[in-house]
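Engineer: Following this line is target26.cif, made up of mmCIF, C-alpha atoms; chains and numbers go by the auth columns:
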```cif
data_my_file
#
loop_
_atom_site.group_PDB
_atom_site.id
_atom_site.type_symbol
_atom_site.label_atom_id
_atom_site.label_comp_id
_atom_site.label_asym_id
_atom_site.label_seq_id
_atom_site.Cartn_x
_atom_site.Cartn_y
_atom_site.Cartn_z
_atom_site.B_iso_or_equiv
_atom_site.auth_seq_id
_atom_site.auth_asym_id
ATOM 1 C CA MET A 1 0.000 0.000 0.000 0.00 14 A
ATOM 2 C CA SER A 2 1.426 3.328 -1.080 0.00 15 A
ATOM 3 C CA MET A 3 0.431 6.716 0.325 0.00 16 A
ATOM 4 C CA LYS A 4 1.593 9.986 -1.216 0.00 17 A
ATOM 5 C CA TRP A 5 2.896 12.875 0.848 0.00 18 A
ATOM 6 C CA TYR A 6 4.638 16.201 0.436 0.00 19 A
ATOM 7 C CA PRO A 7 6.483 18.665 2.680 0.00 20 A
ATOM 8 C CA PHE A 8 4.696 21.892 3.588 0.00 21 A
ATOM 9 C CA TYR A 9 5.780 24.974 5.488 0.00 22 A
ATOM 10 C CA MET A 10 3.555 26.305 8.297 0.00 23 A
ATOM 11 C CA LYS A 11 4.099 30.044 8.512 0.00 24 A
ATOM 12 C CA SER A 12 2.491 30.385 11.941 0.00 25 A
ATOM 13 C CA ARG A 13 5.094 28.037 13.446 0.00 26 A
ATOM 14 C CA GLY A 14 7.988 28.622 11.077 0.00 27 A
ATOM 15 C CA LYS A 15 8.455 24.869 10.679 0.00 28 A
ATOM 16 C CA TRP A 16 8.205 22.197 7.988 0.00 29 A
ATOM 17 C CA TYR A 17 5.878 19.193 8.318 0.00 30 A
ATOM 18 C CA PRO A 18 4.935 16.174 6.169 0.00 31 A
ATOM 19 C CA LYS A 19 1.390 16.250 4.764 0.00 32 A
ATOM 20 C CA SER A 20 -0.441 13.271 3.302 0.00 33 A
ATOM 21 C CA VAL A 21 -2.224 13.773 -0.012 0.00 34 A
ATOM 22 C CA SER A 22 -6.009 13.901 0.209 0.00 35 A
ATOM 23 C CA HIS A 23 -8.230 14.036 -2.871 0.00 36 A
ATOM 24 C CA SER A 24 -11.462 16.033 -2.980 0.00 37 A
ATOM 25 C CA ARG A 25 -13.080 13.746 -5.568 0.00 38 A
ATOM 26 C CA ALA A 26 -14.834 10.881 -3.790 0.00 39 A
ATOM 27 C CA VAL A 27 -14.889 7.276 -4.977 0.00 40 A
ATOM 28 C CA THR A 28 -18.380 6.440 -6.268 0.00 41 A
ATOM 29 C CA THR A 29 -20.605 3.529 -5.272 0.00 42 A
ATOM 30 C CA GLU A 30 -20.316 2.205 -8.831 0.00 43 A
ATOM 31 C CA GLN A 31 -16.536 2.136 -8.589 0.00 44 A
ATOM 32 C CA LEU A 32 -16.676 0.335 -5.244 0.00 45 A
ATOM 33 C CA CYS A 33 -19.081 -2.233 -6.698 0.00 46 A
ATOM 34 C CA ASN A 34 -16.752 -2.899 -9.628 0.00 47 A
ATOM 35 C CA ASP A 35 -13.738 -3.279 -7.326 0.00 48 A
ATOM 36 C CA ILE A 36 -15.582 -5.681 -5.007 0.00 49 A
ATOM 37 C CA ALA A 37 -16.847 -7.684 -7.977 0.00 50 A
ATOM 38 C CA GLN A 38 -13.334 -8.041 -9.386 0.00 51 A
ATOM 39 C CA ALA A 39 -12.078 -9.296 -6.020 0.00 52 A
ATOM 40 C CA SER A 40 -14.891 -11.836 -5.626 0.00 53 A
ATOM 41 C CA THR A 41 -17.328 -14.006 -7.570 0.00 54 A
ATOM 42 C CA VAL A 42 -20.212 -11.548 -7.086 0.00 55 A
ATOM 43 C CA ALA A 43 -21.506 -9.494 -10.016 0.00 56 A
ATOM 44 C CA PRO A 44 -21.384 -5.659 -9.747 0.00 57 A
ATOM 45 C CA GLY A 45 -25.195 -5.496 -9.842 0.00 58 A
ATOM 46 C CA ASP A 46 -25.479 -7.911 -6.923 0.00 59 A
ATOM 47 C CA VAL A 47 -22.942 -5.891 -4.932 0.00 60 A
ATOM 48 C CA ALA A 48 -24.935 -2.720 -5.611 0.00 61 A
ATOM 49 C CA ALA A 49 -28.138 -4.424 -4.412 0.00 62 A
ATOM 50 C CA VAL A 50 -26.442 -5.463 -1.151 0.00 63 A
ATOM 51 C CA LEU A 51 -25.119 -1.931 -0.562 0.00 64 A
ATOM 52 C CA ARG A 52 -28.579 -0.443 -1.126 0.00 65 A
ATOM 53 C CA THR A 53 -30.050 -2.948 1.317 0.00 66 A
ATOM 54 C CA LEU A 54 -27.297 -2.134 3.820 0.00 67 A
ATOM 55 C CA SER A 55 -28.128 1.564 3.529 0.00 68 A
ATOM 56 C CA ASP A 56 -31.834 0.935 4.183 0.00 69 A
ATOM 57 C CA ALA A 57 -31.055 -1.287 7.191 0.00 70 A
ATOM 58 C CA MET A 58 -28.666 1.276 8.667 0.00 71 A
ATOM 59 C CA VAL A 59 -31.219 4.086 8.308 0.00 72 A
ATOM 60 C CA LYS A 60 -33.821 1.989 10.147 0.00 73 A
ATOM 61 C CA TYR A 61 -31.578 1.394 13.161 0.00 74 A
ATOM 62 C CA LEU A 62 -30.072 4.894 13.192 0.00 75 A
ATOM 63 C CA ALA A 63 -33.549 6.461 13.190 0.00 76 A
ATOM 64 C CA ASP A 64 -34.364 4.238 16.180 0.00 77 A
ATOM 65 C CA GLY A 65 -31.477 5.843 18.073 0.00 78 A
ATOM 66 C CA ARG A 66 -29.222 2.802 17.829 0.00 79 A
ATOM 67 C CA PRO A 67 -25.558 3.064 16.775 0.00 80 A
ATOM 68 C CA VAL A 68 -24.547 0.844 13.855 0.00 81 A
ATOM 69 C CA LYS A 69 -21.098 -0.771 13.988 0.00 82 A
ATOM 70 C CA LEU A 70 -19.476 -2.137 10.826 0.00 83 A
ATOM 71 C CA ASP A 71 -16.543 -4.410 11.592 0.00 84 A
ATOM 72 C CA ASN A 72 -13.188 -3.085 10.379 0.00 85 A
ATOM 73 C CA ILE A 73 -14.768 0.290 9.576 0.00 86 A
ATOM 74 C CA GLY A 74 -16.336 1.978 12.584 0.00 87 A
ATOM 75 C CA THR A 75 -19.546 3.051 14.292 0.00 88 A
ATOM 76 C CA PHE A 76 -22.262 5.335 12.910 0.00 89 A
ATOM 77 C CA ARG A 77 -24.703 7.267 15.119 0.00 90 A
ATOM 78 C CA LEU A 78 -27.525 9.649 14.153 0.00 91 A
ATOM 79 C CA ILE A 79 -27.371 12.878 16.150 0.00 92 A
ATOM 80 C CA ALA A 80 -30.010 15.615 16.389 0.00 93 A
ATOM 81 C CA SER A 81 -29.050 18.783 18.248 0.00 94 A
ATOM 82 C CA ALA A 82 -30.742 21.980 19.314 0.00 95 A
ATOM 83 C CA SER A 83 -29.267 25.363 20.148 0.00 96 A
ATOM 84 C CA GLY A 84 -30.439 28.884 20.778 0.00 97 A
ATOM 85 C CA SER A 85 -32.087 30.418 23.818 0.00 98 A
ATOM 86 C CA GLY A 86 -34.337 27.464 24.588 0.00 99 A
ATOM 87 C CA VAL A 87 -37.783 27.681 26.218 0.00 100 A
ATOM 88 C CA ASN A 88 -38.869 28.432 29.762 0.00 101 A
ATOM 89 C CA THR A 89 -40.977 25.383 30.584 0.00 102 A
ATOM 90 C CA GLU A 90 -40.995 21.658 29.844 0.00 103 A
ATOM 91 C CA GLU A 91 -44.423 21.968 28.231 0.00 104 A
ATOM 92 C CA GLU A 92 -43.039 24.359 25.590 0.00 105 A
ATOM 93 C CA VAL A 93 -40.390 21.926 24.318 0.00 106 A
ATOM 94 C CA THR A 94 -41.053 20.736 20.748 0.00 107 A
ATOM 95 C CA THR A 95 -39.124 18.959 18.026 0.00 108 A
ATOM 96 C CA GLU A 96 -39.109 22.216 16.059 0.00 109 A
ATOM 97 C CA GLN A 97 -36.227 23.278 18.310 0.00 110 A
ATOM 98 C CA PHE A 98 -33.963 20.769 16.584 0.00 111 A
ATOM 99 C CA ASN A 99 -31.886 22.716 14.065 0.00 112 A
ATOM 100 C CA LYS A 100 -29.262 20.192 13.026 0.00 113 A
ATOM 101 C CA MET A 101 -29.153 16.473 12.291 0.00 114 A
ATOM 102 C CA MET A 102 -26.069 14.568 11.271 0.00 115 A
ATOM 103 C CA VAL A 103 -24.512 11.129 11.215 0.00 116 A
ATOM 104 C CA ARG A 104 -21.536 10.934 13.572 0.00 117 A
ATOM 105 C CA PHE A 105 -18.846 8.451 12.549 0.00 118 A
ATOM 106 C CA LEU A 106 -16.196 7.069 14.898 0.00 119 A
ATOM 107 C CA ALA A 107 -13.535 5.058 13.091 0.00 120 A
ATOM 108 C CA GLU A 108 -12.506 1.744 14.605 0.00 121 A
ATOM 109 C CA LYS A 109 -9.047 1.899 16.138 0.00 122 A
ATOM 110 C CA VAL A 110 -6.367 -0.742 16.579 0.00 123 A
ATOM 111 C CA LYS A 111 -2.836 -0.874 17.881 0.00 124 A
ATOM 112 C CA PRO A 112 -0.387 1.472 16.116 0.00 125 A
ATOM 113 C CA ILE A 113 1.944 0.307 13.390 0.00 126 A
ATOM 114 C CA ALA A 114 5.487 1.409 12.605 0.00 127 A
ATOM 115 C CA GLY A 115 5.834 5.167 12.250 0.00 128 A
ATOM 116 C CA LEU A 116 2.272 5.981 13.320 0.00 129 A
ATOM 117 C CA LYS A 117 0.889 6.760 16.764 0.00 130 A
ATOM 118 C CA THR A 118 -2.659 5.681 15.939 0.00 131 A
ATOM 119 C CA VAL A 119 -4.411 3.650 13.274 0.00 132 A
ATOM 120 C CA SER A 120 -8.124 4.151 12.663 0.00 133 A
ATOM 121 C CA ILE A 121 -8.819 1.485 10.050 0.00 134 A
ATOM 122 C CA PRO A 122 -7.837 -2.082 11.058 0.00 135 A
ATOM 123 C CA VAL A 123 -7.078 -3.140 7.483 0.00 136 A
ATOM 124 C CA LEU A 124 -3.993 -0.899 7.653 0.00 137 A
ATOM 125 C CA ALA A 125 -2.634 -2.923 10.555 0.00 138 A
ATOM 126 C CA ALA A 126 -1.842 -5.827 8.254 0.00 139 A
ATOM 127 C CA ALA A 127 -0.515 -3.698 5.419 0.00 140 A
ATOM 128 C CA GLU A 128 2.953 -2.379 4.748 0.00 141 A
ATOM 129 C CA ILE A 129 2.618 1.329 4.103 0.00 142 A
ATOM 130 C CA GLU A 130 5.103 2.777 1.659 0.00 143 A
ATOM 131 C CA TRP A 131 5.382 6.565 1.678 0.00 144 A
ATOM 132 C CA GLU A 132 5.771 8.091 -1.782 0.00 145 A
ATOM 133 C CA ARG A 133 6.967 11.702 -1.890 0.00 146 A
ATOM 134 C CA THR A 134 5.266 13.942 -4.427 0.00 147 A
ATOM 135 C CA LYS A 135 4.878 17.624 -5.216 0.00 148 A
ATOM 136 C CA PRO A 136 1.536 19.247 -4.424 0.00 149 A
ATOM 137 C CA LYS A 137 -0.359 21.444 -6.820 0.00 150 A
ATOM 138 C CA THR A 138 0.267 25.105 -6.082 0.00 151 A
ATOM 139 C CA THR A 139 -1.657 28.200 -7.059 0.00 152 A
ATOM 140 C CA LYS A 140 -0.405 31.469 -8.508 0.00 153 A
ATOM 141 C CA THR A 141 -1.175 33.123 -5.181 0.00 154 A
ATOM 142 C CA SER A 142 0.923 30.688 -3.128 0.00 155 A
ATOM 143 C CA ASN A 143 3.461 32.448 -0.962 0.00 156 A
ATOM 144 C CA ALA A 144 7.125 31.563 -1.279 0.00 157 A
ATOM 145 C CA THR A 145 8.812 29.978 1.717 0.00 158 A
ATOM 146 C CA PRO A 146 11.950 31.429 3.347 0.00 159 A
ATOM 147 C CA SER A 147 15.048 31.275 1.146 0.00 160 A
ATOM 148 C CA GLY A 148 17.217 28.188 1.410 0.00 161 A
ATOM 149 C CA ASP A 149 18.098 24.943 -0.307 0.00 162 A
ATOM 150 C CA ASN A 150 15.432 22.394 -1.245 0.00 163 A
ATOM 151 C CA GLN A 151 12.541 24.607 -0.172 0.00 164 A
ATOM 152 C CA GLU A 152 9.300 24.646 -2.079 0.00 165 A
ATOM 153 C CA PRO A 153 6.325 27.031 -2.400 0.00 166 A
ATOM 154 C CA GLU A 154 3.836 26.645 0.404 0.00 167 A
ATOM 155 C CA PRO A 155 0.935 24.513 -0.876 0.00 168 A
ATOM 156 C CA THR A 156 -2.716 25.204 -0.263 0.00 169 A
ATOM 157 C CA ALA A 157 -3.406 22.490 2.305 0.00 170 A
ATOM 158 C CA ASN A 158 -6.486 21.043 3.947 0.00 171 A
ATOM 159 C CA VAL A 159 -6.525 20.306 7.654 0.00 172 A
ATOM 160 C CA THR A 160 -8.763 17.783 9.416 0.00 173 A
ATOM 161 C CA ILE A 161 -10.103 18.736 12.842 0.00 174 A
ATOM 162 C CA ASN A 162 -11.727 15.786 14.591 0.00 175 A
ATOM 163 C CA ALA A 163 -14.055 16.632 17.466 0.00 176 A
ATOM 164 C CA VAL A 164 -15.320 13.729 19.574 0.00 177 A
ATOM 165 C CA PRO A 165 -16.976 13.155 22.969 0.00 178 A
ATOM 166 C CA ASN A 166 -15.249 11.083 25.641 0.00 179 A
ATOM 167 C CA ASP A 167 -18.455 9.042 25.792 0.00 180 A
ATOM 168 C CA ALA A 168 -21.078 9.259 23.047 0.00 181 A
ATOM 169 C CA THR A 169 -23.839 8.368 25.520 0.00 182 A
ATOM 170 C CA MET A 170 -23.101 11.497 27.548 0.00 183 A
ATOM 171 C CA GLY A 171 -23.067 14.139 24.846 0.00 184 A
ATOM 172 C CA THR A 172 -22.383 15.176 21.275 0.00 185 A
ATOM 173 C CA VAL A 173 -19.860 17.400 19.540 0.00 186 A
ATOM 174 C CA THR A 174 -20.337 19.397 16.347 0.00 187 A
ATOM 175 C CA GLY A 175 -18.017 21.405 14.135 0.00 188 A
ATOM 176 C CA GLY A 176 -15.376 18.838 13.220 0.00 189 A
ATOM 177 C CA GLY A 177 -14.396 18.351 9.601 0.00 190 A
ATOM 178 C CA THR A 178 -11.884 19.264 6.896 0.00 191 A
ATOM 179 C CA TYR A 179 -10.930 22.928 6.522 0.00 192 A
ATOM 180 C CA VAL A 180 -8.466 25.053 4.595 0.00 193 A
ATOM 181 C CA GLN A 181 -5.314 25.494 6.642 0.00 194 A
ATOM 182 C CA GLY A 182 -5.508 28.616 8.787 0.00 195 A
ATOM 183 C CA ALA A 183 -9.314 28.687 8.937 0.00 196 A
ATOM 184 C CA SER A 184 -11.161 29.391 12.185 0.00 197 A
ATOM 185 C CA VAL A 185 -13.207 26.423 13.358 0.00 198 A
ATOM 186 C CA THR A 186 -15.992 26.567 15.941 0.00 199 A
ATOM 187 C CA LEU A 187 -16.576 23.401 17.979 0.00 200 A
ATOM 188 C CA THR A 188 -19.605 22.972 20.222 0.00 201 A
ATOM 189 C CA ALA A 189 -20.146 20.339 22.913 0.00 202 A
ATOM 190 C CA THR A 190 -23.740 19.553 23.939 0.00 203 A
ATOM 191 C CA ALA A 191 -24.466 17.352 26.938 0.00 204 A
ATOM 192 C CA ASN A 192 -27.274 14.815 26.938 0.00 205 A
ATOM 193 C CA SER A 193 -29.880 14.794 29.679 0.00 206 A
ATOM 194 C CA GLY A 194 -28.347 13.761 33.005 0.00 207 A
ATOM 195 C CA TYR A 195 -24.837 14.844 32.051 0.00 208 A
ATOM 196 C CA HIS A 196 -22.843 18.064 31.833 0.00 209 A
ATOM 197 C CA PHE A 197 -19.868 19.333 29.878 0.00 210 A
ATOM 198 C CA VAL A 198 -16.550 19.496 31.777 0.00 211 A
ATOM 199 C CA GLN A 199 -13.773 20.611 29.424 0.00 212 A
ATOM 200 C CA TRP A 200 -11.966 20.086 26.128 0.00 213 A
ATOM 201 C CA SER A 201 -8.744 18.121 25.830 0.00 214 A
ATOM 202 C CA ASN A 202 -6.881 21.396 25.199 0.00 215 A
ATOM 203 C CA GLY A 203 -7.947 22.681 28.626 0.00 216 A
ATOM 204 C CA ARG A 204 -10.709 25.038 27.454 0.00 217 A
ATOM 205 C CA THR A 205 -13.749 24.937 29.727 0.00 218 A
ATOM 206 C CA THR A 206 -16.404 26.632 27.599 0.00 219 A
ATOM 207 C CA ALA A 207 -18.755 24.382 25.643 0.00 220 A
ATOM 208 C CA SER A 208 -18.272 26.367 22.424 0.00 221 A
ATOM 209 C CA ILE A 209 -14.707 27.160 21.366 0.00 222 A
ATOM 210 C CA THR A 210 -12.955 28.482 18.279 0.00 223 A
ATOM 211 C CA VAL A 211 -9.645 26.986 17.166 0.00 224 A
ATOM 212 C CA THR A 212 -7.347 27.598 14.205 0.00 225 A
ATOM 213 C CA ALA A 213 -6.912 24.758 11.709 0.00 226 A
ATOM 214 C CA GLU A 214 -3.117 24.737 11.654 0.00 227 A
ATOM 215 C CA ALA A 215 -2.534 20.987 11.499 0.00 228 A
ATOM 216 C CA ASP A 216 -4.569 17.775 11.742 0.00 229 A
ATOM 217 C CA ALA A 217 -5.806 17.447 15.311 0.00 230 A
ATOM 218 C CA THR A 218 -8.340 15.657 17.489 0.00 231 A
ATOM 219 C CA LEU A 219 -10.115 17.496 20.306 0.00 232 A
ATOM 220 C CA THR A 220 -12.083 15.520 22.864 0.00 233 A
ATOM 221 C CA ALA A 221 -14.972 16.978 24.835 0.00 234 A
ATOM 222 C CA THR A 222 -15.208 15.480 28.313 0.00 235 A
ATOM 223 C CA PHE A 223 -18.670 14.994 29.812 0.00 236 A
ATOM 224 C CA ALA A 224 -19.615 13.735 33.272 0.00 237 A
ATOM 225 C CA ALA A 225 -22.767 12.582 35.001 0.00 238 A
ATOM 226 C CA ASP A 226 -24.720 15.140 36.986 0.00 239 A
ATOM 227 C CA ASN A 227 -24.620 14.797 40.760 0.00 240 A
ATOM 228 C CA PRO A 228 -27.896 13.458 42.133 0.00 241 A
ATOM 229 C CA GLY A 229 -29.899 16.437 43.309 0.00 242 A
ATOM 230 C CA GLY A 230 -27.235 18.837 42.012 0.00 243 A
ATOM 231 C CA ASN A 231 -27.522 21.672 39.573 0.00 244 A
ATOM 232 C CA GLY A 232 -26.134 19.666 36.641 0.00 245 A
ATOM 233 C CA GLY A 233 -23.664 21.736 34.661 0.00 246 A
ATOM 234 C CA ASP A 234 -22.978 23.423 31.386 0.00 247 A
ATOM 235 C CA ASN A 235 -25.023 21.519 28.838 0.00 248 A
ATOM 236 C CA GLY A 236 -23.394 23.258 25.892 0.00 249 A
ATOM 237 C CA MET A 237 -26.501 25.308 25.077 0.00 250 A
ATOM 238 C CA ASP A 238 -26.277 29.018 24.461 0.00 251 A
ATOM 239 C CA GLY A 239 -28.527 30.899 26.773 0.00 252 A
#
```
Starting from the file, give its structure as structure tokens.
Structural biologist:
Amino acid sequence: MSMKWYPFYMKSRGKWYPKSVSHSRAVTTEQLCNDIAQASTVAPGDVAAVLRTLSDAMVKYLADGRPVKLDNIGTFRLIASASGSGVNTEEEVTTEQFNKMMVRFLAEKVKPIAGLKTVSIPVLAAAEIEWERTKPKTTKTSNATPSGDNQEPEPTANVTINAVPNDATMGTVTGGGTYVQGASVTLTATANSGYHFVQWSNGRTTASITVTAEADATLTATFAADNPGGNGGDNGMDG
């Protein structure tokens, strides 16, 4: 297995880092069906039928509030969240207060392999990764790096910010994703009923924070159970 990478210069830190190549064009279902068919005795049409059935089955369980775990891939969970000022009484609460619904995906993790601290997809654990150096595409507006030997123009890079809860049963986190390097990213932690937000893994204690997408990073929101009879805590709702 070969993965392409290139060196890029981060102006905010004045340092060079390796960056793996990530393509914006997604692989289609048709292409996956053809690949699976070539690696098995199943026809592409039969593979497509199974994938459609899998999608329908997943939607049924996700809509029922149940997480769906696919071995060697990860766990999917349907999340609906509400924000804003809220209402004053329990009787006023309605589903119209939901303003966002998304599928949260948590990749399955295994023990690290040589050169990597973490591995999210188990199939990589049995594969020999070969790193292939390449040159990224640059734009006319790319800034030149400091003078010196073997230095290249700074590429336009994408940065992945993962935002996850310490326990998905306690709360949800929104705002994670892939952003242009240097972009401001707002992450929001929302506690489920019976739990409260504690802090982020970077030490920030407000439920909604803004970070700069400088390099790939994972931020974990820690939630805890409310004390019986206590006041609960910050549930991540603006009020």
Engineer: Have a look at atom CA of Val198 of chain A and atom CA of Tyr22 of chain A and let me know their distance in Å, one decimal.
Structural biologist: 20.6 Å
Engineer: Using only C-alpha atoms, which of the listed residues (A:Leu83, A:Ile222, A:Ala202, A:Ala120) sits closest to Ala95 of chain A?
Structural biologist: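 Among the listed residues, A:Ala202 lies closest to Ala95 of chain A.
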Engineer: Could you tell me how far atom CA of His209 of chain A sits from atom CA of Glu105 of chain A, in Å to one decimal place?
Structural biologist: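 So the two atoms, atom CA of Glu105 of chain A and atom CA of His209 of chain A, lie 22.1 Å apart.
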Engineer: Provide the atom CA of Ala226 of chain A to atom CA of Asn171 of chain A distance in Å, to one decimal place.
Structural biologist: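 These atoms are spaced 8.6 Å apart.
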Engineer: As lines of an AutoDock Vina configuration file, please: the centre and edge lengths in Å, to one decimal, of an axis-aligned box enclosing every listed atom of segment 189-195 of chain A with 3 Å added on each side.
Structural biologist:
```
center_x = -10.3
center_y = 23.5
center_z = 8.9
size_x = 16.1
size_y = 16.3
size_z = 14.6
```
Engineer: Determine the nearest neighbour of Lys17 of chain A from the options A:Thr147, A:Leu45, A:Asp77, A:Ala62, counting only C-alpha atoms.
Structural biologist: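 Answer, going by the shortest atom-to-atom distance: A:Thr147.
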